[in-house]
Structures are given as structure tokens and as C-alpha cells.
Amino acid sequence: MNLLKLSLTRVMVAMAAITLMVACGGEEEPKTQLPALKLNVEVENITTTTAKIKVTHDFEAKDSWYGFVTDDTTTDAKSLVGEVVANGIDQKNFHRSKQYVSLLESLAPDTNYRYIATGLTAEGVQYGEIAVVEFKTLAENGGEDYNGMRANAAWTVVYRGKDRVDDVTYDHVVEVISTDNNPYAITIVYDESYDPYQLRDLADAMLVDMKAYLADFNKQNGTTYKFEDMLYRGTARDPFDLAPGTYRAIAVGYTLEGEVSGLYAVSNAFTVEEQMPSVNYLGWLGKWNIEGQNGTITPVEITKGVANRSFYMTGWEGFDDLMIEVEYNAELDAMFFYSQLVAEDYDLGEEYGLADIYLFAGDEDGYYYDNADGDYYIAIAGILDDGQRAIVRYGVNTPGYPKFTQMFFMAEIGGKFYTLTAEQDIPSFIAAMNQIAQ
């Protein structure tokens, strides 16, 4: 999931200032200018017959406004306001407050509604432009409840395949068609692991990850984004990077303040097929000698993973039975090595027994980096200007990124890590890649 999205669909907000003029003795005299009231209207917690409305504004608490709900979604809002005022306003919908929360009740299931708010004086004079929010109540025959997660009939989740998002083409795009204004995030799960009774656990886990990502992003970039900036509202699209497999896309509802709202919607299962391998991808397959800057040469073999997405490399440090997964970037025609768990319960013989084997990185100061906080990129294998294929450290021009000089296997034994090969027997970066004649 691409988490931080700033192109969110916002609640419609209206601002305007109107100066009323009256004729007096043949001359126009201005009455008191009414404020350019900025109303912010939100709807959440939608059920089959109820919805919570929240209205706020930034002006004086004494400024009065009027709000009402209607199932007329075709007539323009201004005309509806005029009709309401002409027929006499309902005092319970007339407010003098900067913040107002109301529960709409006795709504019809599976029905489109609009809540309309506008500045209105006690004399019935409308001022400012009109703020409108649209929503749809849940259907009675839908809206299944699984451990507190209720299907939102106002959301339809669709896998679009190759499509465009913000004028950029992506291979895998998911669209959520929304007829209400409830905020949500989008995620992907394997179809075989989808369980509606695990939706709440999924929503909670996503919430933890999203908040952690937001805090880390703001810290690293000196920004002050809020949780709501990570959410979508209204109809939206999100691109994903998917390997071959069968999936479902899920819209998971959250409040703007960062809580699970309990709403969700799920797509039908869809299958991503493996692509035909490109010529560039095929060019990396085969046996290579990797010659480090320290003069050490290690023969390796690169084999197919997922076409145009990944490879496997064996032979590193002389281990033909330890398989390193390598990412492939088709646009850059480059391979990316990253820290990972390579093998579990690998047999190191009678002296050491079974151990988990990891791929770690070491920097120029002699420190190694584990992946306790997640996998990290170590090196990139690409093609230099002269056509030579070579491995260079990741983040060459990234300030603050570790200056990795080598990657190596580490065995975890009894909670401690041990190297398997002497440092001088491991190629150092920059490392040339020379293909062995096939």
C-alpha cells in the first residue's frame, strides 16, 4: 500500500460573503455585512438507518446556521435551501455553535442522502455559500457484521489492472467507488488468506503500521502530516506492486483522528498472471564471476524468480544451497540486494547444529546491520556507462545512509550472530560482474 496520499477527496466546503443592500429614499444603504462563514461538514458511522453528522466552522460561536438532511440528490442545493426557508425552518435544525454533532435517525436503508448546511440569520436570510456532503445508508441485505466490522454498501472495491493514477500508468490499480464521505485506506491480501472474521485484526495491524510510518516520515522529513492525510475520502485509486497470485483488495475504514471506524468493503478475487520475461531480464540469467574491489572473486549463478520482478542467486561465499532472493527493477534494468532471512534451521554440522541464516551488510567502519526493524537495501547490480555490469552499495548519493562495503551471511546461534566466511574472502563493493561462458 502507498501510504501517504495528499490528493484526498475533501468534504465540500463553501465560502462566500454577501453584502445586503436595501433601498431607502432612492439610495442604497449597506446593512451589516454578514461573515464569510466557512462550514465544514462530515459524515461517519453510517448504518442502515442512521448516520453521524459533524459540522464545524472557524468563526464566532454566535454565527447562526441551518442544516438538514434530504433524499433529493438531483435538485441543486441552493433551490432546496430556498424551499426549506420558504416553508418555515425547523428550529431544532437552527444552530449557534462552532461545533455540532448530530445522529440522523429513521433513514431508509440503501438510500442516497445529502446533508446540507448554510449560514442563516434568525430572520431567515441565507448567507455564505452552501456546504453539502453526500452519503448512502447500508443495505439491509448486506452490511454483514464480523467481529465489529460492518460491510459498507456505499463502497465498491474494483481491481482495474493496468491503469493510470495521477497521470502515471501502473500495472496494478485498485479503485474504490464511494458514494459517502467516510475515510478509508486500501490494502491487498492473498485470496486464500482472506477471512472476514479476521478483518478487525487486519484493521488494527494496519493502524499500527500506518501510525508508525507517519511518525517516521515526519521525523525524517521535518513534516507535520496528520493521520487524515494518509486516508482517502470519496472515490479514489491506489497503485500496487503485485507478484503473480490471486488477491482481494480491501477498503478499511478509519476515522480522521486515527481509530478503526468498523467499516470495510472487499473486492472479488482477482488473479495476476506472470509476464513474459523481457530481453533485459533474460540478460541477467546465468553464471557470473563477482570480483570485488579487494580482488576477491566469487562465482555465483543467477536463476529465474518471477519474470521481470525477481531472481535467485546461489554460490555466494561458496554456498550453493543458500539461495538469496534479489529484486529486479525493469525500468532501471537493475537488481537490488536486500537483507533477508535466507534459510531456517540450516545444518552447520555437529559443532554448531541448526541455525537461521541471514544476509546482512557491513559498513566501512566495520559495523554490521541486522534486520530487526525490517529489511533494508544493501547493494544494486546495474550496468555502468561503459557497459560493465557491477555491484555498488545502495544509497551512494544518499546523505546519512550507511556506506556499505560488503554483504555476507550471518548465522544466529543462541541469540548471537556469527559470520561464516572471513572478511577477505568476500568481494567488496564496487564489485565487477563478468559472465562466465555458458
# chains A, B, ... in the order shown; residues from 1 in each chain; ligands from 1
>>> residues_around(residues="Gln220 of chain A", least_positions_apart="6", cutoff="12 Å", atoms="only C-alpha atoms", output="PyMOL selection string")
chain A and resi 213-214+399-400
>>> write_last_selection(atoms="N, CA and C atoms", output="compact mmCIF listing (two decimals), in the first residue's frame")
# COMPACT_ATOMS: atom_id res chain seq x y z
N TYR A 213 4.61 4.52 10.43
CA TYR A 213 5.16 5.07 9.19
C TYR A 213 5.04 6.59 9.19
N LEU A 214 3.88 7.10 9.61
CA LEU A 214 3.67 8.55 9.63
C LEU A 214 4.66 9.24 10.56
N PRO A 399 22.58 11.15 1.66
CA PRO A 399 23.23 11.59 2.90
C PRO A 399 22.71 10.79 4.10
N GLY A 400 23.62 10.36 4.95
CA GLY A 400 23.24 9.64 6.16
C GLY A 400 23.05 8.15 5.98
>>> select_by_dssp(residues="segment 269-369 of chain A", states="strand (DSSP E or B)", output="MDAnalysis selection string")
chainID A and resid 270:272 286:291 297:304 310:314 324:329 334:338 340:347 354:363 368:369
>>> closest_residue(among="A:Ala330, A:Met433, A:Ile297, A:Ala153", to="Phe135 of chain A", atoms="only C-alpha atoms")
A:Ala153
>>> residues_around(residues="Tyr146 of chain A", least_positions_apart="6", cutoff="10 Å", atoms="only C-alpha atoms", output="number ranges by chain")
A: 195-200, 262
>>> write_last_selection(atoms="C-alpha atoms", output="compact mmCIF listing (two decimals), in the first residue's frame")
# COMPACT_ATOMS: atom_id res chain seq x y z
CA ASP A 195 -11.16 -14.30 6.33
CA PRO A 196 -13.91 -11.79 7.18
CA TYR A 197 -13.65 -12.75 10.85
CA GLN A 198 -10.01 -11.57 10.82
CA LEU A 199 -10.88 -8.14 9.39
CA ARG A 200 -10.69 -6.40 12.76
CA GLY A 262 -15.53 -0.50 11.75
>>> residues_around(residues="segment 423-427 of chain A", least_positions_apart="2", cutoff="9 Å", atoms="only C-alpha atoms", output="VMD selection string")
chain A and resid 290 to 298 316 to 317 405 to 408 419 421 429 to 431
>>> atom_distance(atom1="atom CA of Val84 of chain A", atom2="atom CA of Asp72 of chain A")
12.6 Å
>>> residues_around(residues="Ala361 of chain A", least_positions_apart="2", cutoff="9 Å", atoms="only C-alpha atoms", output="list in words")
Tyr338, Ser339, Leu359, Asp363, Tyr367, Tyr368, Tyr369, Asp370, Ile378, Ala379, Phe404, Thr405, Gln406, Met407, Phe408 and Phe409 of chain A
>>> write_last_selection(atoms="C-alpha atoms", output="PDB file, in the first residue's frame")
ATOM      1  CA  TYR A 338      18.376  -6.579   0.486  1.00  0.00           C
ATOM      2  CA  SER A 339      18.725  -8.014   3.988  1.00  0.00           C
ATOM      3  CA  LEU A 359      22.018 -11.855   4.653  1.00  0.00           C
ATOM      4  CA  ASP A 363      29.957  -0.724   6.502  1.00  0.00           C
ATOM      5  CA  TYR A 367      29.809  -2.413  11.800  1.00  0.00           C
ATOM      6  CA  TYR A 368      27.186  -4.875  10.570  1.00  0.00           C
ATOM      7  CA  TYR A 369      23.473  -4.183  10.243  1.00  0.00           C
ATOM      8  CA  ASP A 370      20.772  -6.708  11.120  1.00  0.00           C
ATOM      9  CA  ILE A 378      22.305  -3.336   0.655  1.00  0.00           C
ATOM     10  CA  ALA A 379      23.509  -3.044  -2.925  1.00  0.00           C
ATOM     11  CA  PHE A 404      28.133  -0.477   2.914  1.00  0.00           C
ATOM     12  CA  THR A 405      31.242  -2.228   1.641  1.00  0.00           C
ATOM     13  CA  GLN A 406      30.184  -5.889   1.768  1.00  0.00           C
ATOM     14  CA  MET A 407      27.244  -8.235   2.179  1.00  0.00           C
ATOM     15  CA  PHE A 408      27.629 -11.558   3.951  1.00  0.00           C
ATOM     16  CA  PHE A 409      25.821 -14.421   5.637  1.00  0.00           C
TER      17      PHE A 409
END
>>> closest_residue(among="A:Gly161, A:Gly82, A:Gly245, A:Pro239", to="Asp191 of chain A", atoms="only C-alpha atoms")
A:Gly245
>>> residues_around(residues="segment 221-228 of chain A", least_positions_apart="2", cutoff="8 Å", atoms="only C-alpha atoms", output="MDAnalysis selection string")
chainID A and resid 211 214 217:219 230:231 255:258
>>> residues_around(residues="Thr169 of chain A", least_positions_apart="3", cutoff="12 Å", atoms="only C-alpha atoms", output="PyMOL selection string")
chain A and resi 160-166+172-173+237-240
>>> closest_residue(among="A:Tyr190, A:Phe360, A:Phe270, A:Trp65", to="Phe417 of chain A", atoms="only C-alpha atoms")
A:Phe360
>>> atom_distance(atom1="atom CA of Gly67 of chain A", atom2="atom CA of Leu39 of chain A")
10.5 Å
>>> closest_residue(among="A:Arg393, A:Lys136, A:Lys287, A:Lys304", to="Thr111 of chain A", atoms="only C-alpha atoms")
A:Lys136
>>> atom_distance(atom1="atom CA of Val133 of chain A", atom2="atom CA of Thr187 of chain A")
25.5 Å
>>> closest_residue(among="A:Met335, A:Val306, A:Ile116, A:Ile177", to="Ser79 of chain A", atoms="only C-alpha atoms")
A:Ile116
>>> closest_residue(among="A:Asp209, A:Arg150, A:Gly349, A:Thr48", to="Ala265 of chain A", atoms="only C-alpha atoms")
A:Arg150
